[in-house]
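Notes to accompany the following structure.
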Amino acid sequence: MPGQLETPRPGNGRGPGAPPASPQPEPPRSATPLLVEGTVNGIRISVPKGTTLLRAARLCGVEIPTLCHHEGLPPEGSCRLCVAEIRGQLAVSCMFPLRDDGFKALTDTPAVMDARRYVLSLLINRAPKAPRIRKLADEYGVAPDPRFMKDPDGCVRCGRCVRACRANGPEAIALAGRGFGRSVTGPFRKPPEACIGCLACALCCPTGKITFAEKDGARRIWDREFSLAPCPECGARVFTAEQIAFYGGSASAACPSCRKKLMASELKKAAAYEAPDGLPLP
Ligand code: SF4
Ligand code: SF4
Ligand code: FES
């Protein structure tokens, strides 16, 4: 009847003769496994789901050569040197996330070695003088092929410099063009105006292609000159004025090494401080 409250019924609550209630479904298991377990070259390892194959191999103590990869930068997978075999296929290990239990990765099969040799033959033709590439080429028995060494410019187009510049903020350089014409440059192939002279690109370039020089309190890089601000404590010239301004710092701030010393002396003073009776310690 309208307005009448339904009274609870005995038994299963659905009235006499009603079929027994089906068992309540179990609450869904919310926790998907956070770890995956498998092997790299037969070495058993358990890693957080999504860990790259490269990382897992390194945790196992298995070395995989890399070139475009840098621990501090987002991966790009551009050089293909770090290939390994998983599920019978070649995978770019620095980009390959391990998601399933029971993975079996191999890093030294004939197919892996052939692929690395092929990649190295391309790299050595582009940067025949780069010590790291020469060393790897020697290890893998790869020699430069004069037929393909047309004006090697020392850049392997790995993009590490571009990613470093982006990660630091200025985004002053990019890889532009296609095929053999592809190269790292500023906008419109001119010296990058947004460059702050921080050197991050040069320091993370694996071939030494990006050069810079420092003389008389100035730094030259990318055909641009930057003046280096002196540290007020020791006079060392570490940062460019543009770098300090970009990060909102003060030109009168101490250099990192003096800052460390100043901080250590402040901590020492604080440790030696004895509060007068009744006053709290700072
Ligand atoms: S030196 Fe210039 S181009 Fe290189 S990372 Fe710094 S800002 Fe970017
Ligand atoms: S300049 Fe160096 S870091 Fe940049 S793409 Fe070329 S080889 Fe890689
Ligand atoms: S290091 Fe993995 S693709 Fe370059």
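Chain lettering (A, B, ...) mirrors the order of the structure tokens, residue numbering begins at 1 for each chain separately, and ligand numbering begins at 1 in order of display.
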Query raised in the report: Near Arg224 of chain A, within 12 Å and counting only C-alpha atoms, which residues show up once chain neighbours fewer than 4 positions away are dropped, as a PyMOL selection string?
Result: chain A and resi 186+190-198+211-214+218-220+240+242
Query raised in the report: Do you know which residues are at most 8 Å from Ala56 of chain A counting only C-alpha atoms, after dropping those on the same chain fewer than 4 positions away, and could you put them as a VMD selection string?
Result: chain A and resid 40 45 47 51 to 52 60
Report task. Could you pull out the residues sitting within 7 Å of ligand 2, using only C-alpha atoms and all ligand atoms, and write them as a list in words? Result ->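 The neighbouring residues of ligand 2 are, in order, Cys68, Gly154, Cys155, Val156, Arg157, Cys158, Gly159, Arg160, Cys161, Val162, Val184, Cys201, Cys204, Cys205, Pro206, Thr207, Gly208, Lys209 and Ile210 of chain A.
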Query raised in the report: Taking the backbone alone, and naming residues the way the document does, which bits of segment 158-229 of chain A are helix (DSSP H, G or I) by DSSP, as a list in words?
Result: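 Result set for segment 158-229 of chain A (helix (DSSP H, G or I)): Arg160, Cys161, Val162, Arg163, Ala164, Cys165, Arg166, Ala167, Asn168, Gly179, Phe180, Gly181, Pro187, Phe188, Arg189, Ala200, Cys201, Ala202, Leu203 and Cys204 of chain A.
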Distance filter 10 Å around ligand 3, atoms: only C-alpha atoms and all ligand atoms, out as a compact mmCIF listing (two decimals) with N, CA and C atoms, in the first residue's frame:
# COMPACT_ATOMS: atom_id res chain seq x y z
N LEU A 54 66.40 -2.45 -19.21
CA LEU A 54 67.78 -1.99 -19.00
C LEU A 54 68.09 -1.89 -17.50
N ILE A 64 74.58 -3.69 -20.33
CA ILE A 64 74.05 -3.50 -21.69
C ILE A 64 74.59 -2.16 -22.16
N PRO A 65 75.24 -2.11 -23.33
CA PRO A 65 75.78 -0.81 -23.77
C PRO A 65 74.66 0.16 -24.13
N THR A 66 74.87 1.42 -23.82
CA THR A 66 73.88 2.45 -24.14
C THR A 66 74.60 3.66 -24.73
N LEU A 67 73.85 4.48 -25.41
CA LEU A 67 74.44 5.71 -25.91
C LEU A 67 73.49 6.89 -25.70
N CYS A 68 72.27 6.75 -26.18
CA CYS A 68 71.34 7.89 -26.04
C CYS A 68 70.74 7.93 -24.65
N HIS A 69 70.85 6.85 -23.89
CA HIS A 69 70.24 6.81 -22.57
C HIS A 69 71.07 7.61 -21.56
N HIS A 70 70.37 8.34 -20.67
CA HIS A 70 71.04 9.03 -19.57
C HIS A 70 70.12 8.91 -18.37
N PRO A 75 63.89 8.83 -21.28
CA PRO A 75 64.45 8.00 -22.35
C PRO A 75 63.85 8.37 -23.70
N GLU A 76 64.62 8.08 -24.76
CA GLU A 76 64.11 8.40 -26.09
C GLU A 76 64.21 7.22 -27.04
N GLY A 77 65.13 6.31 -26.73
CA GLY A 77 65.25 5.11 -27.57
C GLY A 77 65.70 5.40 -28.98
N SER A 78 66.58 6.36 -29.15
CA SER A 78 66.93 6.75 -30.52
C SER A 78 68.12 6.01 -31.09
N CYS A 79 69.03 5.49 -30.26
CA CYS A 79 70.25 4.92 -30.85
C CYS A 79 70.12 3.42 -31.13
N ARG A 80 69.26 2.73 -30.38
CA ARG A 80 69.02 1.27 -30.59
C ARG A 80 70.21 0.40 -30.21
N LEU A 81 71.15 0.97 -29.49
CA LEU A 81 72.32 0.16 -29.13
C LEU A 81 72.01 -0.81 -27.99
N CYS A 82 71.01 -0.48 -27.20
CA CYS A 82 70.76 -1.25 -25.98
C CYS A 82 69.82 -2.42 -26.20
N VAL A 83 69.72 -2.93 -27.44
CA VAL A 83 68.76 -4.01 -27.70
C VAL A 83 69.06 -5.24 -26.85
N ALA A 84 68.00 -5.96 -26.52
CA ALA A 84 68.11 -7.24 -25.82
C ALA A 84 66.97 -8.11 -26.34
N ALA A 91 64.19 -6.11 -28.34
CA ALA A 91 63.50 -4.97 -27.73
C ALA A 91 64.54 -3.92 -27.35
N VAL A 92 64.11 -2.67 -27.42
CA VAL A 92 65.00 -1.57 -27.00
C VAL A 92 64.92 -1.49 -25.48
N SER A 93 65.95 -1.98 -24.81
CA SER A 93 65.82 -2.23 -23.37
C SER A 93 65.61 -0.96 -22.54
N CYS A 94 66.12 0.20 -23.00
CA CYS A 94 65.96 1.40 -22.17
C CYS A 94 64.53 1.93 -22.23
N MET A 95 63.72 1.40 -23.15
CA MET A 95 62.33 1.86 -23.29
C MET A 95 61.34 0.74 -22.97
N PHE A 96 61.83 -0.46 -22.68
CA PHE A 96 60.93 -1.61 -22.57
C PHE A 96 60.52 -1.84 -21.11
N VAL A 119 74.21 -1.41 -35.47
CA VAL A 119 74.04 -0.05 -34.95
C VAL A 119 75.40 0.63 -34.81
N CYS A 158 71.70 11.53 -31.15
CA CYS A 158 71.09 10.80 -30.03
C CYS A 158 70.08 11.66 -29.28
N GLY A 159 70.17 12.97 -29.43
CA GLY A 159 69.19 13.87 -28.81
C GLY A 159 69.43 14.12 -27.33
N ARG A 160 70.53 13.62 -26.77
CA ARG A 160 70.76 13.84 -25.34
C ARG A 160 70.87 15.33 -25.02
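Take the candidates A:Arg134, A:Gly42, A:Asn168, A:Ile124 and check each one against Phe148 of chain A using only C-alpha atoms; the shortest distance goes to A:Ile124.
Every protein or nucleic acid residue with an atom no more than 12 Å from Lys215 of chain A, counting only C-alpha atoms and leaving out same-chain residues fewer than 5 positions away, appears here: Arg220, Ile221, Glu225, Phe226, Ser227, Leu228 and Arg237 of chain A.
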